[in-house]
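Peer 1: This is the content of run.pdb (PDB, N, CA and C atoms):
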```pdb
ATOM      1  N   ASP A   1      53.537-251.888  50.185
ATOM      2  CA  ASP A   1      52.546-251.017  49.573
ATOM      3  C   ASP A   1      51.161-251.204  50.194
ATOM      4  N   ARG A   2      50.801-252.470  50.423
ATOM      5  CA  ARG A   2      49.481-252.738  50.989
ATOM      6  C   ARG A   2      49.339-252.089  52.357
ATOM      7  N   LEU A   3      50.394-252.140  53.151
ATOM      8  CA  LEU A   3      50.355-251.536  54.482
ATOM      9  C   LEU A   3      50.146-250.020  54.377
ATOM     10  N   ASN A   4      50.852-249.378  53.440
ATOM     11  CA  ASN A   4      50.681-247.936  53.255
ATOM     12  C   ASN A   4      49.268-247.591  52.809
ATOM     13  N   THR A   5      48.700-248.393  51.924
ATOM     14  CA  THR A   5      47.343-248.141  51.450
ATOM     15  C   THR A   5      46.340-248.278  52.582
ATOM     16  N   VAL A   6      46.514-249.318  53.387
ATOM     17  CA  VAL A   6      45.608-249.548  54.503
ATOM     18  C   VAL A   6      45.726-248.424  55.525
ATOM     19  N   SER A   7      46.959-248.026  55.834
ATOM     20  CA  SER A   7      47.143-246.987  56.846
ATOM     21  C   SER A   7      46.700-245.616  56.344
ATOM     22  N   ARG A   8      46.745-245.384  55.032
ATOM     23  CA  ARG A   8      46.313-244.108  54.483
ATOM     24  C   ARG A   8      44.807-244.014  54.369
ATOM     25  N   GLY A   9      44.129-245.124  54.259
ATOM     26  CA  GLY A   9      42.681-245.138  54.073
ATOM     27  C   GLY A   9      41.923-244.295  55.075
ATOM     28  N   PRO A  10      42.081-244.545  56.381
ATOM     29  CA  PRO A  10      41.339-243.756  57.370
ATOM     30  C   PRO A  10      41.692-242.266  57.320
ATOM     31  N   ASP A  11      42.955-241.948  57.030
ATOM     32  CA  ASP A  11      43.356-240.541  56.939
ATOM     33  C   ASP A  11      42.655-239.854  55.778
ATOM     34  N   GLU A  12      42.606-240.538  54.648
ATOM     35  CA  GLU A  12      41.935-239.963  53.483
ATOM     36  C   GLU A  12      40.445-239.779  53.748
ATOM     37  N   ARG A  13      39.834-240.751  54.411
ATOM     38  CA  ARG A  13      38.414-240.621  54.765
ATOM     39  C   ARG A  13      38.218-239.445  55.719
ATOM     40  N   TRP A  14      39.138-239.273  56.654
ATOM     41  CA  TRP A  14      39.056-238.164  57.603
ATOM     42  C   TRP A  14      39.113-236.834  56.863
ATOM     43  N   VAL A  15      40.007-236.721  55.883
ATOM     44  CA  VAL A  15      40.133-235.485  55.108
ATOM     45  C   VAL A  15      38.838-235.205  54.356
ATOM     46  N   VAL A  16      38.255-236.221  53.751
ATOM     47  CA  VAL A  16      37.000-236.054  53.014
ATOM     48  C   VAL A  16      35.889-235.592  53.963
ATOM     49  N   ILE A  17      35.810-236.212  55.128
ATOM     50  CA  ILE A  17      34.794-235.837  56.119
ATOM     51  C   ILE A  17      35.008-234.397  56.582
ATOM     52  N   GLN A  18      36.252-234.017  56.845
ATOM     53  CA  GLN A  18      36.549-232.657  57.288
ATOM     54  C   GLN A  18      36.189-231.634  56.214
ATOM     55  N   LYS A  19      36.528-231.925  54.955
ATOM     56  CA  LYS A  19      36.188-231.011  53.859
ATOM     57  C   LYS A  19      34.676-230.842  53.754
ATOM     58  N   LYS A  20      33.961-231.959  53.797
ATOM     59  CA  LYS A  20      32.507-231.902  53.684
ATOM     60  C   LYS A  20      31.899-231.123  54.850
ATOM     61  N   THR A  21      32.417-231.356  56.041
ATOM     62  CA  THR A  21      31.927-230.639  57.218
ATOM     63  C   THR A  21      32.183-229.141  57.083
ATOM     64  N   PHE A  22      33.371-228.774  56.627
ATOM     65  CA  PHE A  22      33.700-227.358  56.472
ATOM     66  C   PHE A  22      32.846-226.712  55.385
ATOM     67  N   VAL A  23      32.649-227.419  54.275
ATOM     68  CA  VAL A  23      31.792-226.891  53.198
ATOM     69  C   VAL A  23      30.378-226.660  53.726
ATOM     70  N   ASN A  24      29.852-227.619  54.485
ATOM     71  CA  ASN A  24      28.504-227.460  55.050
ATOM     72  C   ASN A  24      28.441-226.270  56.005
ATOM     73  N   TRP A  25      29.476-226.111  56.839
ATOM     74  CA  TRP A  25      29.526-224.981  57.767
ATOM     75  C   TRP A  25      29.580-223.662  56.997
ATOM     76  N   CYS A  26      30.429-223.601  55.971
ATOM     77  CA  CYS A  26      30.518-222.379  55.151
ATOM     78  C   CYS A  26      29.171-222.057  54.525
ATOM     79  N   ASN A  27      28.506-223.067  54.000
ATOM     80  CA  ASN A  27      27.211-222.833  53.359
ATOM     81  C   ASN A  27      26.174-222.339  54.355
ATOM     82  N   GLU A  28      26.238-222.817  55.570
ATOM     83  CA  GLU A  28      25.326-222.330  56.613
ATOM     84  C   GLU A  28      25.572-220.839  56.868
ATOM     85  N   GLN A  29      26.848-220.439  56.914
ATOM     86  CA  GLN A  29      27.191-219.043  57.152
ATOM     87  C   GLN A  29      26.827-218.165  55.960
ATOM     88  N   LEU A  30      26.982-218.704  54.750
ATOM     89  CA  LEU A  30      26.754-217.924  53.534
ATOM     90  C   LEU A  30      25.296-217.898  53.087
ATOM     91  N   SER A  31      24.465-218.729  53.676
ATOM     92  CA  SER A  31      23.090-218.873  53.188
ATOM     93  C   SER A  31      22.297-217.566  53.245
ATOM     94  N   ALA A  32      22.521-216.756  54.254
ATOM     95  CA  ALA A  32      21.781-215.488  54.378
ATOM     96  C   ALA A  32      22.053-214.566  53.193
ATOM     97  N   GLY A  33      23.258-214.643  52.640
ATOM     98  CA  GLY A  33      23.612-213.800  51.501
ATOM     99  C   GLY A  33      23.343-214.448  50.162
ATOM    100  N   GLY A  34      22.739-215.638  50.187
ATOM    101  CA  GLY A  34      22.404-216.309  48.936
ATOM    102  C   GLY A  34      23.595-216.907  48.210
ATOM    103  N   ARG A  35      24.683-217.141  48.910
ATOM    104  CA  ARG A  35      25.872-217.737  48.297
ATOM    105  C   ARG A  35      26.080-219.136  48.852
ATOM    106  N   HIS A  36      26.854-219.923  48.127
ATOM    107  CA  HIS A  36      27.226-221.243  48.621
ATOM    108  C   HIS A  36      28.541-221.683  47.986
ATOM    109  N   VAL A  37      29.193-222.634  48.617
ATOM    110  CA  VAL A  37      30.422-223.209  48.087
ATOM    111  C   VAL A  37      30.196-224.701  47.860
ATOM    112  N   GLU A  38      30.919-225.222  46.897
ATOM    113  CA  GLU A  38      30.864-226.645  46.612
ATOM    114  C   GLU A  38      32.252-227.262  46.644
ATOM    115  N   ASP A  39      33.222-226.524  46.113
ATOM    116  CA  ASP A  39      34.578-227.054  45.964
ATOM    117  C   ASP A  39      35.564-226.064  46.574
ATOM    118  N   LEU A  40      36.146-226.443  47.696
ATOM    119  CA  LEU A  40      37.074-225.548  48.384
ATOM    120  C   LEU A  40      38.297-225.215  47.543
ATOM    121  N   ASP A  41      38.656-226.085  46.620
ATOM    122  CA  ASP A  41      39.826-225.845  45.784
ATOM    123  C   ASP A  41      39.650-224.627  44.885
ATOM    124  N   VAL A  42      38.416-224.293  44.528
ATOM    125  CA  VAL A  42      38.198-223.192  43.587
ATOM    126  C   VAL A  42      37.262-222.095  44.083
ATOM    127  N   ASP A  43      36.351-222.408  44.994
ATOM    128  CA  ASP A  43      35.302-221.447  45.337
ATOM    129  C   ASP A  43      35.778-220.216  46.108
ATOM    130  N   PHE A  44      36.918-220.284  46.750
ATOM    131  CA  PHE A  44      37.444-219.114  47.462
ATOM    132  C   PHE A  44      38.555-218.419  46.675
ATOM    133  N   CYS A  45      38.924-218.950  45.516
ATOM    134  CA  CYS A  45      40.075-218.442  44.769
ATOM    135  C   CYS A  45      39.987-216.976  44.373
ATOM    136  N   ASP A  46      38.793-216.515  44.002
ATOM    137  CA  ASP A  46      38.696-215.117  43.575
ATOM    138  C   ASP A  46      38.428-214.173  44.747
ATOM    139  N   GLY A  47      38.244-214.739  45.941
ATOM    140  CA  GLY A  47      38.070-213.933  47.138
ATOM    141  C   GLY A  47      36.659-213.460  47.398
ATOM    142  N   VAL A  48      35.765-213.566  46.428
ATOM    143  CA  VAL A  48      34.408-213.037  46.574
ATOM    144  C   VAL A  48      33.658-213.776  47.681
ATOM    145  N   LYS A  49      33.651-215.085  47.620
ATOM    146  CA  LYS A  49      32.932-215.867  48.634
ATOM    147  C   LYS A  49      33.678-215.856  49.963
ATOM    148  N   LEU A  50      34.984-215.733  49.920
ATOM    149  CA  LEU A  50      35.758-215.633  51.163
ATOM    150  C   LEU A  50      35.413-214.338  51.890
ATOM    151  N   VAL A  51      35.337-213.237  51.159
ATOM    152  CA  VAL A  51      34.938-211.960  51.762
ATOM    153  C   VAL A  51      33.518-212.074  52.321
ATOM    154  N   ALA A  52      32.622-212.697  51.566
ATOM    155  CA  ALA A  52      31.242-212.862  52.032
ATOM    156  C   ALA A  52      31.200-213.679  53.320
ATOM    157  N   LEU A  53      32.032-214.710  53.403
ATOM    158  CA  LEU A  53      32.083-215.535  54.611
ATOM    159  C   LEU A  53      32.582-214.722  55.798
ATOM    160  N   VAL A  54      33.659-213.972  55.604
ATOM    161  CA  VAL A  54      34.209-213.153  56.687
ATOM    162  C   VAL A  54      33.192-212.099  57.118
ATOM    163  N   GLU A  55      32.532-211.461  56.155
ATOM    164  CA  GLU A  55      31.514-210.457  56.501
ATOM    165  C   GLU A  55      30.366-211.088  57.279
ATOM    166  N   SER A  56      29.997-212.293  56.904
ATOM    167  CA  SER A  56      28.934-212.996  57.616
ATOM    168  C   SER A  56      29.330-213.284  59.061
ATOM    169  N   LEU A  57      30.568-213.660  59.254
ATOM    170  CA  LEU A  57      31.051-213.985  60.600
ATOM    171  C   LEU A  57      31.248-212.741  61.458
ATOM    172  N   GLN A  58      31.609-211.628  60.815
ATOM    173  CA  GLN A  58      31.879-210.401  61.559
ATOM    174  C   GLN A  58      30.667-209.467  61.624
ATOM    175  N   PHE A  59      29.607-209.830  60.955
ATOM    176  CA  PHE A  59      28.379-209.024  60.949
ATOM    177  C   PHE A  59      28.625-207.597  60.488
ATOM    178  N   ARG A  60      29.513-207.446  59.501
ATOM    179  CA  ARG A  60      29.792-206.109  58.968
ATOM    180  C   ARG A  60      30.431-206.217  57.596
ATOM    181  N   LYS A  61      30.372-205.129  56.853
ATOM    182  CA  LYS A  61      31.099-205.038  55.588
ATOM    183  C   LYS A  61      32.558-204.769  55.911
ATOM    184  N   ILE A  62      33.440-205.409  55.191
ATOM    185  CA  ILE A  62      34.868-205.236  55.504
ATOM    186  C   ILE A  62      35.583-204.372  54.487
ATOM    187  N   GLY A  63      34.895-203.943  53.447
ATOM    188  CA  GLY A  63      35.532-203.070  52.466
ATOM    189  C   GLY A  63      35.008-203.333  51.070
ATOM    190  N   ARG A  64      35.636-202.656  50.127
ATOM    191  CA  ARG A  64      35.225-202.772  48.725
ATOM    192  C   ARG A  64      35.765-204.069  48.142
ATOM    193  N   VAL A  65      34.858-204.854  47.599
ATOM    194  CA  VAL A  65      35.240-206.126  47.002
ATOM    195  C   VAL A  65      34.953-206.080  45.505
ATOM    196  N   TYR A  66      35.831-206.661  44.736
ATOM    197  CA  TYR A  66      35.578-206.816  43.304
ATOM    198  C   TYR A  66      34.616-207.996  43.159
ATOM    199  N   SER A  67      33.347-207.724  42.868
ATOM    200  CA  SER A  67      32.347-208.787  42.847
ATOM    201  C   SER A  67      32.523-209.735  41.660
ATOM    202  N   LYS A  68      33.130-209.242  40.599
ATOM    203  CA  LYS A  68      33.440-210.091  39.440
ATOM    204  C   LYS A  68      34.870-209.804  38.990
ATOM    205  N   PRO A  69      35.834-210.280  39.781
ATOM    206  CA  PRO A  69      37.221-209.969  39.446
ATOM    207  C   PRO A  69      37.610-210.519  38.077
ATOM    208  N   THR A  70      38.302-209.666  37.324
ATOM    209  CA  THR A  70      38.708-210.062  35.972
ATOM    210  C   THR A  70      40.199-210.313  35.866
ATOM    211  N   SER A  71      40.933-210.044  36.926
ATOM    212  CA  SER A  71      42.379-210.255  36.878
ATOM    213  C   SER A  71      42.859-210.884  38.184
ATOM    214  N   ARG A  72      44.027-211.455  38.118
ATOM    215  CA  ARG A  72      44.628-212.058  39.304
ATOM    216  C   ARG A  72      44.838-211.002  40.388
ATOM    217  N   ILE A  73      45.196-209.795  39.999
ATOM    218  CA  ILE A  73      45.425-208.711  40.966
ATOM    219  C   ILE A  73      44.140-208.422  41.745
ATOM    220  N   GLN A  74      42.997-208.383  41.071
ATOM    221  CA  GLN A  74      41.721-208.141  41.758
ATOM    222  C   GLN A  74      41.386-209.295  42.707
ATOM    223  N   MET A  75      41.691-210.517  42.279
ATOM    224  CA  MET A  75      41.471-211.676  43.152
ATOM    225  C   MET A  75      42.343-211.577  44.400
ATOM    226  N   LEU A  76      43.606-211.221  44.205
ATOM    227  CA  LEU A  76      44.527-211.067  45.331
ATOM    228  C   LEU A  76      44.052-209.967  46.267
ATOM    229  N   GLN A  77      43.533-208.869  45.715
ATOM    230  CA  GLN A  77      43.035-207.781  46.551
ATOM    231  C   GLN A  77      41.834-208.231  47.383
ATOM    232  N   ASN A  78      40.933-209.010  46.777
ATOM    233  CA  ASN A  78      39.782-209.536  47.524
ATOM    234  C   ASN A  78      40.239-210.424  48.673
ATOM    235  N   VAL A  79      41.147-211.349  48.382
ATOM    236  CA  VAL A  79      41.627-212.273  49.411
ATOM    237  C   VAL A  79      42.375-211.508  50.501
ATOM    238  N   THR A  80      43.166-210.520  50.104
ATOM    239  CA  THR A  80      43.886-209.694  51.079
ATOM    240  C   THR A  80      42.911-208.988  52.006
ATOM    241  N   LEU A  81      41.831-208.467  51.458
ATOM    242  CA  LEU A  81      40.796-207.798  52.255
ATOM    243  C   LEU A  81      40.248-208.749  53.318
ATOM    244  N   ALA A  82      39.948-209.980  52.916
ATOM    245  CA  ALA A  82      39.407-210.966  53.854
ATOM    246  C   ALA A  82      40.435-211.333  54.924
ATOM    247  N   LEU A  83      41.672-211.584  54.517
ATOM    248  CA  LEU A  83      42.701-211.977  55.484
ATOM    249  C   LEU A  83      43.029-210.846  56.456
ATOM    250  N   GLN A  84      43.006-209.601  55.978
ATOM    251  CA  GLN A  84      43.238-208.463  56.874
ATOM    252  C   GLN A  84      42.127-208.348  57.913
ATOM    253  N   ALA A  85      40.891-208.568  57.493
ATOM    254  CA  ALA A  85      39.771-208.505  58.431
ATOM    255  C   ALA A  85      39.890-209.612  59.481
ATOM    256  N   ILE A  86      40.341-210.772  59.062
ATOM    257  CA  ILE A  86      40.550-211.878  60.010
ATOM    258  C   ILE A  86      41.654-211.507  60.996
ATOM    259  N   ALA A  87      42.739-210.943  60.494
ATOM    260  CA  ALA A  87      43.854-210.533  61.354
ATOM    261  C   ALA A  87      43.428-209.443  62.335
ATOM    262  N   GLU A  88      42.547-208.538  61.899
ATOM    263  CA  GLU A  88      42.056-207.482  62.792
ATOM    264  C   GLU A  88      41.269-208.057  63.970
ATOM    265  N   ASP A  89      40.742-209.255  63.814
ATOM    266  CA  ASP A  89      40.038-209.941  64.906
ATOM    267  C   ASP A  89      41.014-210.732  65.777
ATOM    268  N   HIS A  90      42.289-210.484  65.583
ATOM    269  CA  HIS A  90      43.356-211.125  66.352
ATOM    270  C   HIS A  90      43.411-212.635  66.136
ATOM    271  N   VAL A  91      43.045-213.057  64.937
ATOM    272  CA  VAL A  91      43.196-214.458  64.553
ATOM    273  C   VAL A  91      44.508-214.563  63.795
ATOM    274  N   ARG A  92      45.380-215.406  64.290
ATOM    275  CA  ARG A  92      46.695-215.555  63.678
ATOM    276  C   ARG A  92      46.634-216.654  62.626
ATOM    277  N   LEU A  93      46.936-216.284  61.399
ATOM    278  CA  LEU A  93      46.966-217.246  60.307
ATOM    279  C   LEU A  93      48.416-217.638  60.057
ATOM    280  N   VAL A  94      48.688-218.913  60.138
ATOM    281  CA  VAL A  94      50.049-219.408  59.967
ATOM    282  C   VAL A  94      50.154-220.141  58.634
ATOM    283  N   ASN A  95      51.135-219.745  57.852
ATOM    284  CA  ASN A  95      51.407-220.383  56.556
ATOM    285  C   ASN A  95      50.232-220.319  55.589
ATOM    286  N   ILE A  96      49.433-219.272  55.683
ATOM    287  CA  ILE A  96      48.346-219.067  54.730
ATOM    288  C   ILE A  96      48.503-217.670  54.153
ATOM    289  N   GLY A  97      48.740-217.626  52.866
ATOM    290  CA  GLY A  97      48.899-216.343  52.206
ATOM    291  C   GLY A  97      47.896-216.169  51.087
ATOM    292  N   THR A  98      47.846-214.976  50.559
ATOM    293  CA  THR A  98      46.898-214.685  49.490
ATOM    294  C   THR A  98      47.149-215.568  48.275
ATOM    295  N   ASP A  99      48.409-215.773  47.925
ATOM    296  CA  ASP A  99      48.727-216.613  46.765
ATOM    297  C   ASP A  99      48.224-218.037  46.951
ATOM    298  N   ASP A 100      48.345-218.560  48.170
ATOM    299  CA  ASP A 100      47.864-219.920  48.441
ATOM    300  C   ASP A 100      46.380-220.044  48.129
ATOM    301  N   ILE A 101      45.604-219.072  48.565
ATOM    302  CA  ILE A 101      44.152-219.134  48.375
ATOM    303  C   ILE A 101      43.797-218.925  46.908
ATOM    304  N   VAL A 102      44.399-217.928  46.271
ATOM    305  CA  VAL A 102      44.117-217.665  44.862
ATOM    306  C   VAL A 102      44.530-218.852  43.992
ATOM    307  N   ASN A 103      45.607-219.528  44.387
ATOM    308  CA  ASN A 103      46.075-220.698  43.626
ATOM    309  C   ASN A 103      45.286-221.958  43.960
ATOM    310  N   GLY A 104      44.374-221.894  44.920
ATOM    311  CA  GLY A 104      43.571-223.052  45.275
ATOM    312  C   GLY A 104      44.317-224.091  46.081
ATOM    313  N   ASN A 105      45.332-223.671  46.828
ATOM    314  CA  ASN A 105      46.125-224.585  47.639
ATOM    315  C   ASN A 105      45.405-224.848  48.966
ATOM    316  N   VAL A 106      44.660-225.939  49.025
ATOM    317  CA  VAL A 106      43.928-226.270  50.245
ATOM    318  C   VAL A 106      44.724-227.173  51.179
ATOM    319  N   LYS A 107      45.902-227.589  50.759
ATOM    320  CA  LYS A 107      46.703-228.498  51.582
ATOM    321  C   LYS A 107      47.734-227.719  52.376
ATOM    322  N   LEU A 108      47.254-226.868  53.248
ATOM    323  CA  LEU A 108      48.151-226.039  54.059
ATOM    324  C   LEU A 108      48.322-226.621  55.424
TER
END
```
Any chance you could give the structure as structure tokens?

Peer 2:
Amino acid sequence: DRLNTVSRGPDERWVVIQKKTFVNWCNEQLSAGGRHVEDLDVDFCDGVKLVALVESLQFRKIGRVYSKPTSRIQMLQNVTLALQAIAEDHVRLVNIGTDDIVNGNVKL
């Protein structure tokens, strides 16, 4: 057990560093629109901030977004909008689906 704990330590620290780095990068991209993220597990779930991030990166509006989604279907539609815009830029997303993001599955 001790060996597993020791060997997992650096990996866990790496994951924490990567998450923090990604959150900081996202916040830099979102700052112009007055948005920010704190927790990757929940902040992209409704698709609103994800769409804002994609729009920031693409320098354009990507479509109609439900700014205050009230149902899972609206959240899925927001996330789908963002993922479609990413795919249109010829970015291949592997093993990442709308349900994963809406469910807060960051361990992909």

Peer 1: Of the residues A:His90, A:Arg72, A:His36, A:Arg64, which is the one nearest to Asn103 (chain A), using only C-alpha atoms?

Peer 2: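 Closest to Asn103 (chain A), using only C-alpha atoms: A:Arg72.
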
Peer 1: If the PyMOL selection byres (((chain A and resi 53 and name CA) around 9) and name CA) were run on this exact file, what residues would it hold? Put them as an MDAnalysis selection string.

Peer 2: chainID A and resid 26:27 29:30 48:52 54:58 82

Peer 1: Based on the selection just made, write N, CA and C atoms of those residues as a short mmCIF file (atom, residue, chain, number, x, y, z; two decimals), keeping the file's coordinate frame.

Peer 2:
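Output contents, as saved in out.cif:
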```cif
data_model
loop_
_atom_site.label_atom_id
_atom_site.label_comp_id
_atom_site.auth_asym_id
_atom_site.auth_seq_id
_atom_site.Cartn_x
_atom_site.Cartn_y
_atom_site.Cartn_z
N CYS A 26 30.43 -223.60 55.97
CA CYS A 26 30.52 -222.38 55.15
C CYS A 26 29.17 -222.06 54.52
N ASN A 27 28.51 -223.07 54.00
CA ASN A 27 27.21 -222.83 53.36
C ASN A 27 26.17 -222.34 54.36
N GLN A 29 26.85 -220.44 56.91
CA GLN A 29 27.19 -219.04 57.15
C GLN A 29 26.83 -218.16 55.96
N LEU A 30 26.98 -218.70 54.75
CA LEU A 30 26.75 -217.92 53.53
C LEU A 30 25.30 -217.90 53.09
N VAL A 48 35.76 -213.57 46.43
CA VAL A 48 34.41 -213.04 46.57
C VAL A 48 33.66 -213.78 47.68
N LYS A 49 33.65 -215.08 47.62
CA LYS A 49 32.93 -215.87 48.63
C LYS A 49 33.68 -215.86 49.96
N LEU A 50 34.98 -215.73 49.92
CA LEU A 50 35.76 -215.63 51.16
C LEU A 50 35.41 -214.34 51.89
N VAL A 51 35.34 -213.24 51.16
CA VAL A 51 34.94 -211.96 51.76
C VAL A 51 33.52 -212.07 52.32
N ALA A 52 32.62 -212.70 51.57
CA ALA A 52 31.24 -212.86 52.03
C ALA A 52 31.20 -213.68 53.32
N VAL A 54 33.66 -213.97 55.60
CA VAL A 54 34.21 -213.15 56.69
C VAL A 54 33.19 -212.10 57.12
N GLU A 55 32.53 -211.46 56.16
CA GLU A 55 31.51 -210.46 56.50
C GLU A 55 30.37 -211.09 57.28
N SER A 56 30.00 -212.29 56.90
CA SER A 56 28.93 -213.00 57.62
C SER A 56 29.33 -213.28 59.06
N LEU A 57 30.57 -213.66 59.25
CA LEU A 57 31.05 -213.98 60.60
C LEU A 57 31.25 -212.74 61.46
N GLN A 58 31.61 -211.63 60.82
CA GLN A 58 31.88 -210.40 61.56
C GLN A 58 30.67 -209.47 61.62
N ALA A 82 39.95 -209.98 52.92
CA ALA A 82 39.41 -210.97 53.85
C ALA A 82 40.44 -211.33 54.92
#
```

Peer 1: Would you pick out the contacts of Leu76 (chain A) at 8 Å or less, using all atoms listed in the file, so that residues sharing its chain but fewer than 3 positions from it are not included, and give the list as an mmCIF file with N, CA and C atoms, in the frame of the given file?

Peer 2:
```
data_model
loop_
_atom_site.group_PDB
_atom_site.id
_atom_site.type_symbol
_atom_site.label_atom_id
_atom_site.label_comp_id
_atom_site.auth_asym_id
_atom_site.auth_seq_id
_atom_site.Cartn_x
_atom_site.Cartn_y
_atom_site.Cartn_z
ATOM 1 N N CYS A 45 38.924 -218.950 45.516
ATOM 2 C CA CYS A 45 40.075 -218.442 44.769
ATOM 3 C C CYS A 45 39.987 -216.976 44.373
ATOM 4 N N ASP A 46 38.793 -216.515 44.002
ATOM 5 C CA ASP A 46 38.696 -215.117 43.575
ATOM 6 C C ASP A 46 38.428 -214.173 44.747
ATOM 7 N N GLY A 47 38.244 -214.739 45.941
ATOM 8 C CA GLY A 47 38.070 -213.933 47.138
ATOM 9 C C GLY A 47 36.659 -213.460 47.398
ATOM 10 N N SER A 71 40.933 -210.044 36.926
ATOM 11 C CA SER A 71 42.379 -210.255 36.878
ATOM 12 C C SER A 71 42.859 -210.884 38.184
ATOM 13 N N ARG A 72 44.027 -211.455 38.118
ATOM 14 C CA ARG A 72 44.628 -212.058 39.304
ATOM 15 C C ARG A 72 44.838 -211.002 40.388
ATOM 16 N N ILE A 73 45.196 -209.795 39.999
ATOM 17 C CA ILE A 73 45.425 -208.711 40.966
ATOM 18 C C ILE A 73 44.140 -208.422 41.745
ATOM 19 N N VAL A 79 41.147 -211.349 48.382
ATOM 20 C CA VAL A 79 41.627 -212.273 49.411
ATOM 21 C C VAL A 79 42.375 -211.508 50.501
ATOM 22 N N THR A 80 43.166 -210.520 50.104
ATOM 23 C CA THR A 80 43.886 -209.694 51.079
ATOM 24 C C THR A 80 42.911 -208.988 52.006
ATOM 25 N N LEU A 81 41.831 -208.467 51.458
ATOM 26 C CA LEU A 81 40.796 -207.798 52.255
ATOM 27 C C LEU A 81 40.248 -208.749 53.318
ATOM 28 N N ALA A 82 39.948 -209.980 52.916
ATOM 29 C CA ALA A 82 39.407 -210.966 53.854
ATOM 30 C C ALA A 82 40.435 -211.333 54.924
ATOM 31 N N THR A 98 47.846 -214.976 50.559
ATOM 32 C CA THR A 98 46.898 -214.685 49.490
ATOM 33 C C THR A 98 47.149 -215.568 48.275
ATOM 34 N N ASP A 99 48.409 -215.773 47.925
ATOM 35 C CA ASP A 99 48.727 -216.613 46.765
ATOM 36 C C ASP A 99 48.224 -218.037 46.951
ATOM 37 N N VAL A 102 44.399 -217.928 46.271
ATOM 38 C CA VAL A 102 44.117 -217.665 44.862
ATOM 39 C C VAL A 102 44.530 -218.852 43.992
#
```

Peer 1: Please return, as a PyMOL selection string, all residues of chain A that DSSP assigns to alpha helix (DSSP H) on the basis of the backbone.

Peer 2: chain A and resi 2-30+40-43+48-58+72-88+98-102

Peer 1: Work out how far apart CA of Asp100 (chain A) and CA of Thr70 (chain A) are and give it in Å to one decimal.

Peer 2: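 CA of Asp100 (chain A) sits 18.3 Å away from CA of Thr70 (chain A).
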
Peer 1: To one decimal place, how far is atom N of Asn24 (chain A) from atom C of Phe44 (chain A) in Å?

Peer 2: 14.9 Å

Peer 1: Can you work out the spacing between atom N of Ile17 (chain A) and CA of Val37 (chain A) in Å, to one decimal?

Peer 2: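 Going from atom N of Ile17 (chain A) over to CA of Val37 (chain A), I get 15.7 Å.
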
Peer 1: From the options A:Val23, A:Val65, A:Phe59, A:Ala32, which residue's atoms come nearest to Gln77 (chain A), counting all atoms listed in the file?

Peer 2: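 Among the listed residues, A:Val65 lies closest to Gln77 (chain A).
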
Peer 1: Just checking: using only C-alpha atoms, which residue out of A:Leu83, A:Glu88, A:Asp39, A:Val94 ends up closest to Phe22 (chain A)?

Peer 2: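 Nearest candidate to Phe22 (chain A) out of A:Leu83, A:Glu88, A:Asp39, A:Val94: A:Asp39.
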
Peer 1: Can you sort out the box for region 22-30 of chain A, edges along x, y and z, all listed atoms in, 6 Å on every side, with centre and edge lengths in Å to one decimal, as JSON?

Peer 2:
```
{"center_x": 29.5, "center_y": -223.3, "center_z": 55.4, "size_x": 20.4, "size_y": 22.9, "size_z": 16.7}
```
